[in-house]
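The file upload-v8.pdb contains PDB, C-alpha atoms and all ligand atoms:
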```pdb
ATOM      1  CA  MET A   1     -12.911-211.284  34.477  1.00  0.00           C
ATOM      2  CA  TYR A   2      -9.583-212.944  33.940  1.00  0.00           C
ATOM      3  CA  VAL A   3      -6.973-212.300  36.608  1.00  0.00           C
ATOM      4  CA  CYS A   4      -4.418-214.578  34.991  1.00  0.00           C
ATOM      5  CA  ILE A   5      -4.341-214.586  31.237  1.00  0.00           C
ATOM      6  CA  CYS A   6      -1.571-217.171  30.940  1.00  0.00           C
ATOM      7  CA  LYS A   7      -3.535-219.804  32.833  1.00  0.00           C
ATOM      8  CA  ALA A   8      -7.033-218.499  32.007  1.00  0.00           C
ATOM      9  CA  VAL A   9      -7.975-218.116  35.672  1.00  0.00           C
ATOM     10  CA  THR A  10     -10.826-215.786  36.571  1.00  0.00           C
ATOM     11  CA  ASP A  11     -11.318-213.562  39.613  1.00  0.00           C
ATOM     12  CA  ARG A  12     -14.059-215.902  40.771  1.00  0.00           C
ATOM     13  CA  VAL A  13     -11.734-218.910  40.759  1.00  0.00           C
ATOM     14  CA  VAL A  14      -9.039-216.948  42.600  1.00  0.00           C
ATOM     15  CA  ASP A  15     -11.550-215.790  45.216  1.00  0.00           C
ATOM     16  CA  GLN A  16     -12.836-219.336  45.656  1.00  0.00           C
ATOM     17  CA  ALA A  17      -9.271-220.525  46.281  1.00  0.00           C
ATOM     18  CA  ILE A  18      -8.788-217.762  48.866  1.00  0.00           C
ATOM     19  CA  GLU A  19     -12.076-218.644  50.552  1.00  0.00           C
ATOM     20  CA  ALA A  20     -10.938-222.273  50.608  1.00  0.00           C
ATOM     21  CA  GLY A  21      -7.817-221.288  52.526  1.00  0.00           C
ATOM     22  CA  ALA A  22      -5.166-220.179  50.061  1.00  0.00           C
ATOM     23  CA  ALA A  23      -3.392-217.454  52.040  1.00  0.00           C
ATOM     24  CA  SER A  24      -0.536-216.425  49.769  1.00  0.00           C
ATOM     25  CA  VAL A  25       0.126-215.781  46.102  1.00  0.00           C
ATOM     26  CA  GLY A  26       1.967-219.084  45.985  1.00  0.00           C
ATOM     27  CA  ALA A  27      -0.913-220.960  47.565  1.00  0.00           C
ATOM     28  CA  VAL A  28      -3.357-219.438  45.091  1.00  0.00           C
ATOM     29  CA  GLY A  29      -0.985-220.516  42.345  1.00  0.00           C
ATOM     30  CA  GLU A  30      -0.857-224.066  43.664  1.00  0.00           C
ATOM     31  CA  ALA A  31      -4.641-224.208  43.864  1.00  0.00           C
ATOM     32  CA  THR A  32      -5.468-222.562  40.549  1.00  0.00           C
ATOM     33  CA  GLY A  33      -2.345-222.163  38.453  1.00  0.00           C
ATOM     34  CA  ALA A  34      -2.744-218.380  38.505  1.00  0.00           C
ATOM     35  CA  GLY A  35       0.523-216.523  38.686  1.00  0.00           C
ATOM     36  CA  THR A  36       2.659-219.515  37.842  1.00  0.00           C
ATOM     37  CA  ASP A  37       3.674-218.582  34.313  1.00  0.00           C
ATOM     38  CA  CYS A  38       4.836-215.023  33.480  1.00  0.00           C
ATOM     39  CA  GLY A  39       3.927-213.715  36.948  1.00  0.00           C
ATOM     40  CA  CYS A  40       2.358-210.486  35.701  1.00  0.00           C
ATOM     41  CA  CYS A  41      -0.849-211.205  37.606  1.00  0.00           C
ATOM     42  CA  GLN A  42       0.769-211.798  40.987  1.00  0.00           C
ATOM     43  CA  ASN A  43       0.107-208.233  42.182  1.00  0.00           C
ATOM     44  CA  ALA A  44      -3.561-208.602  41.261  1.00  0.00           C
ATOM     45  CA  ILE A  45      -3.702-211.848  43.221  1.00  0.00           C
ATOM     46  CA  ALA A  46      -1.993-210.156  46.179  1.00  0.00           C
ATOM     47  CA  ARG A  47      -4.599-207.360  46.104  1.00  0.00           C
ATOM     48  CA  ARG A  48      -7.408-209.932  46.169  1.00  0.00           C
ATOM     49  CA  LEU A  49      -5.731-211.615  49.153  1.00  0.00           C
ATOM     50  CA  ALA A  50      -5.453-208.258  50.940  1.00  0.00           C
ATOM     51  CA  ARG A  51      -9.096-207.421  50.287  1.00  0.00           C
ATOM     52  CA  ALA A  52     -10.148-210.836  51.571  1.00  0.00           C
ATOM     53  CA  ALA A  53      -8.153-210.120  54.731  1.00  0.00           C
ATOM     54  CA  GLY A  54     -10.038-206.869  55.287  1.00  0.00           C
ATOM     55  CA  GLY A  55      -7.821-204.367  53.506  1.00  0.00           C
ATOM     56  CA  CYS A  56      -8.471-202.601  50.244  1.00  0.00           C
ATOM     57  CA  GLY A  57      -5.446-204.141  48.591  1.00  0.00           C
ATOM     58  CA  GLY A  58      -4.022-200.765  47.678  1.00  0.00           C
ATOM     59  CA  ALA A  59      -0.818-199.160  48.797  1.00  0.00           C
ATOM     60  CA  CYS A  60      -2.009-195.597  49.390  1.00  0.00           C
ATOM     61  CA  SER A  61       0.350-193.761  51.732  1.00  0.00           C
ATOM     62  CA  THR A  62      -2.571-192.023  53.432  1.00  0.00           C
ATOM     63  CA  CYS A  63      -4.551-195.216  54.032  1.00  0.00           C
ATOM     64  CA  PRO A  64      -5.599-195.306  57.695  1.00  0.00           C
ATOM     65  CA  ALA A  65      -5.758-199.084  57.562  1.00  0.00           C
ATOM     66  CA  GLN A  66      -2.097-199.254  56.647  1.00  0.00           C
ATOM     67  CA  ASN A  67      -0.803-196.326  58.683  1.00  0.00           C
ATOM     68  CA  GLY A  68      -2.640-196.740  61.965  1.00  0.00           C
ATOM     69  CA  ALA A  69      -5.097-194.612  63.869  1.00  0.00           C
ATOM     70  CA  ALA A  70      -2.818-191.547  63.826  1.00  0.00           C
ATOM     71  CA  GLN A  71      -3.852-190.840  60.285  1.00  0.00           C
ATOM     72  CA  ALA A  72      -7.423-192.074  60.594  1.00  0.00           C
ATOM     73  CA  GLY A  73      -8.769-188.561  60.064  1.00  0.00           C
ATOM     74  CA  ALA A  74      -6.354-187.631  57.308  1.00  0.00           C
ATOM     75  CA  THR A  75      -7.655-186.824  53.883  1.00  0.00           C
ATOM     76  CA  GLY A  76      -6.130-186.867  50.465  1.00  0.00           C
TER      77      GLY A  76
HETATM   78  S1  LIG B 101      -0.871-213.548  33.629  1.00  0.00           S
HETATM   79 FE1  LIG B 101      -0.803-214.889  35.303  1.00  0.00          FE
HETATM   80  S2  LIG B 101       1.051-215.975  35.070  1.00  0.00           S
HETATM   81 FE2  LIG B 101       0.947-214.709  33.321  1.00  0.00          FE
END
```

Entire entry expressed as structure tokens:
Amino acid sequence: MYVCICKAVTDRVVDQAIEAGAASVGAVGEATGAGTDCGCCQNAIARRLARAAGGCGGACSTCPAQNGAAQAGATG
């Protein structure tokens, strides 16, 4: 699947760049070109970086991973 249409960069290529050490959207862009044209894909790249770091990449306000143990049992 393409993550970056402008530069024709796939999710696999982005993930390989992350696995190789790219730790920011800019670093992924330097390695692959993704995100360096219109920028529309930069949030998708950021989510892949977050997932690679152990998060889900989302921004859910009830996410225990983002809000600490106090909300670990929260639902919804
Ligand atoms: S879609 Fe990635 S820079 Fe435009």

Tell me which protein, DNA and RNA residues are within 9 Å of A:Leu49, counting all atoms listed in the file, leaving out same-chain ones fewer than 5 positions away, and put them as an mmCIF file with C-alpha atoms, keeping the file's coordinate frame.
```cif
data_model
loop_
_atom_site.group_PDB
_atom_site.id
_atom_site.type_symbol
_atom_site.label_atom_id
_atom_site.label_comp_id
_atom_site.auth_asym_id
_atom_site.auth_seq_id
_atom_site.Cartn_x
_atom_site.Cartn_y
_atom_site.Cartn_z
ATOM 1 C CA ASP A 15 -11.550 -215.790 45.216
ATOM 2 C CA ILE A 18 -8.788 -217.762 48.866
ATOM 3 C CA ALA A 22 -5.166 -220.179 50.061
ATOM 4 C CA ALA A 23 -3.392 -217.454 52.040
ATOM 5 C CA SER A 24 -0.536 -216.425 49.769
ATOM 6 C CA VAL A 25 0.126 -215.781 46.102
ATOM 7 C CA ALA A 44 -3.561 -208.602 41.261
ATOM 8 C CA GLY A 54 -10.038 -206.869 55.287
ATOM 9 C CA GLY A 55 -7.821 -204.367 53.506
ATOM 10 C CA GLY A 57 -5.446 -204.141 48.591
#
```

Take the PyMOL selection byres (((not hetatm)) within 8 of (chain B and resi 101)), apply it to the structure above, and return the hits as a PyMOL selection string. chain A and resi 3-9+33-42

Between atom CA of A:Met1 and atom CA of A:Ala50, measure the distance and give it in Å to one decimal.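 Atom CA of A:Ala50 lies 18.3 Å from atom CA of A:Met1.
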
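For the pair atom CA of A:Ser61 and atom CA of A:Ile45, the interatomic distance is 20.4 Å.
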
Can you measure atom CA of A:Glu30 to atom CA of A:Arg12 for me? One decimal in Å is fine. 15.8 Å
